[in-house]
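Novice: Take a look at the following structure, please.
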Amino acid sequence: MKIATFNINGIKARAEALPDWLDEARPDVALLQEIKSVDDAFPRDVFEARGYNVETHGQKSFNGVAILSKLPLEDVARGLPGDEADEQARWIEATVVGDRAVRICGLYLPNGNPAPGPKYDYKLAWMERLKARAQALLNTEEPALMAGDYNVIPQAEDAARPQAWETDALYLPETRQAFRRVLNLGFTDAFRARVHGPGHYSFWDYQRNARERNDGIRIDHVLLTPQAADLLTGCGIDADIRDRTKPSDHVPVWVELDA
DNA sequence: ATGGTCGTGGGACGA
């Protein structure tokens with residue numbers, strides 16, 4: 001089962017690039033972030049025509065997440081638990097039934113800039129709620145994963161110029177600590193389990209020719225429960241997608257599970 | 001130090 005996460009930065013703007021990537025990469029499951037669309041405006045027919053089941057959790061103009069799956073989706077849930085007043089569409093999860101059932105969560109973690117400030121407070125509070133959901137997933141002792149745009153640069157090796165991010169909400173010590181607290185519950189960063197060293201990024205800013213200079217950061221992650229990590233057979237970043245016509249500023253990150 | 005680029009929606013705001 002191939003599962004990919006992709007921050008598409010607007011479904012309308014990716015009307016060509018997203019289907020093209022799906023046809024090439026052929027993921028069984030694609031977790032999308034920043035669809036920037038309400039549910040009714042999401043072009044689900046484009047994906048249903050390719051054999052995908054479509055579940056969205058949209059919002060007008062901003063945020064918004066979705067799951068595309070060639071396998072049946074069960075028990076779909078929208079919204080990260082822990083704050084009934086939170087109206088931002090940043091979390092969707094479902095059980096994907098292949099050879100085995102896998103609980104799959106798609107997330108768009110708040111950016112948090114500028115820090116300090118209310119947006120950074122929201123980011124840290126959101127990460128606390130994430131930790132609670134993560135612990136609940138572990139407690140099931142079933143294969144599960146949480147994948148998406150974490151807006152977290154975990155370590156210096158995950159940025160081409162880490163010094164440039166020192167005061168940024170994506171790399172502040174408190175941000176990285178909150179991310180480690182989730183990992184330390186018992187999750188595996190799928191990419192780092194298989195690929196070591198610097199130079200592997202999932203985001204390049206549109207500005208300052210960041211892609212041409214490979215001035216990137218690795219902020220899109222797939223975190224696996226131990227039972228999912230047992231099934232891990234591959235992981236990759238489709239960096240070349242960033243060089244296509246009208247690309248997102250993020251690229252897909254994928255895992256292959258024996259499930 | 002500043003501004004540089006996108007997307008949404010049709011003006012700012014978010015990233």
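Following the order of the structure tokens, chains are lettered A, B, ..., residues in each are numbered from 1, and ligands are numbered from 1.
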Starting from chain A, keep only residues with some atom at most 8 Å from an atom of chain B, counting only C-alpha atoms (C1' of nucleotides), and report them as a VMD selection string.
Specialist: chain A and resid 9 to 10 13 36 61 to 62 111 205 to 208
Novice: List every residue of stretch 44-225 of chain A that DSSP, applied to the backbone of this structure, assigns to alpha helix (DSSP H), and report them as a ChimeraX atom specification.
Specialist: /A:44-48,118-139,173-183,190-194
Novice: With only C-alpha atoms as the basis for distance, which of A:Lys123, A:Arg211, A:His221, A:Arg50 is at the shortest distance from A:Thr188?
Specialist: A:His221
Novice: So what do you get for atom CA of A:Ile237 versus atom CA of A:Glu157, distance-wise?
Specialist: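 Atom-to-atom, atom CA of A:Ile237 to atom CA of A:Glu157, that is 15.6 Å.
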Novice: Apply DSSP to the structure's backbone, then extract all residues of stretch 108-202 of chain A labelled strand (DSSP E) and return them as a count of residues only.
Specialist: 9
Novice: Could you work out how far atom CA of A:Ala259 lies from atom CA of A:Leu68, giving the answer in Å with one decimal?
Specialist: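 Distance reported for this atom pair: 17.0 Å.
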Novice: Which one of A:Arg90, A:Arg181, A:Lys70, A:Lys2 sits closest to A:Gln33 if you count only C-alpha atoms?
Specialist: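 Checking each candidate against A:Gln33, we get A:Arg90 as the closest.
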Novice: Residues at most 10 Å from A:Phe179, counting only C-alpha atoms (C1' of nucleotides), excluding those fewer than 5 positions away in the same chain, as a list of chain:residue names?
Specialist: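 The contact residues come out as A:Leu124, A:Met127, A:Glu128, A:Leu130, A:Lys131, A:Tyr150, A:Val152, A:Ile153, A:Pro154, A:Pro173, A:Glu174, A:Asn184.
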Novice: The selected residues should be written to file as a PDB file, in the first residue's frame (atoms: C-alpha atoms).
Specialist:
ATOM      1  CA  LEU A 124       1.894  24.901  20.340  1.00  0.00           C
ATOM      2  CA  MET A 127       0.707  20.219  18.938  1.00  0.00           C
ATOM      3  CA  GLU A 128      -0.446  19.367  22.468  1.00  0.00           C
ATOM      4  CA  LEU A 130      -1.772  16.213  18.375  1.00  0.00           C
ATOM      5  CA  LYS A 131       0.189  14.478  21.118  1.00  0.00           C
ATOM      6  CA  TYR A 150       3.914  19.464  10.053  1.00  0.00           C
ATOM      7  CA  VAL A 152       8.341  21.602  11.714  1.00  0.00           C
ATOM      8  CA  ILE A 153      12.006  21.407  10.724  1.00  0.00           C
ATOM      9  CA  PRO A 154      13.040  18.597  13.089  1.00  0.00           C
ATOM     10  CA  PRO A 173      13.532  25.036  20.100  1.00  0.00           C
ATOM     11  CA  GLU A 174      10.036  24.860  21.603  1.00  0.00           C
ATOM     12  CA  ASN A 184       9.172   9.971  21.759  1.00  0.00           C
TER      13      ASN A 184
END
Novice: Given only C-alpha atoms as the basis, pick out the residue of A:Tyr201, A:Tyr108, A:Phe47, A:Tyr122 nearest to A:Ile8.
Specialist: A:Tyr108
Novice: Quick one: everything within 8 Å of A:Thr225, counting only C-alpha atoms (C1' of nucleotides), minus sequence neighbours fewer than 5 positions away in the same chain. Send it as an MDAnalysis selection string.
Specialist: chainID A and resid 137:138 141:145 186:188
Novice: One decimal, in Å: what's the spacing between atom CA of A:Val251 and atom CA of A:Ala125?
Specialist: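 A separation of 26.6 Å between them.
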Novice: Check the smallest atom-to-atom distance from each of A:Ala94, A:Leu107, A:Val46, A:Ala41 to A:Pro19 using only C-alpha atoms, then report the winner.
Specialist: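 For A:Pro19, the nearest of the candidates is A:Val46.
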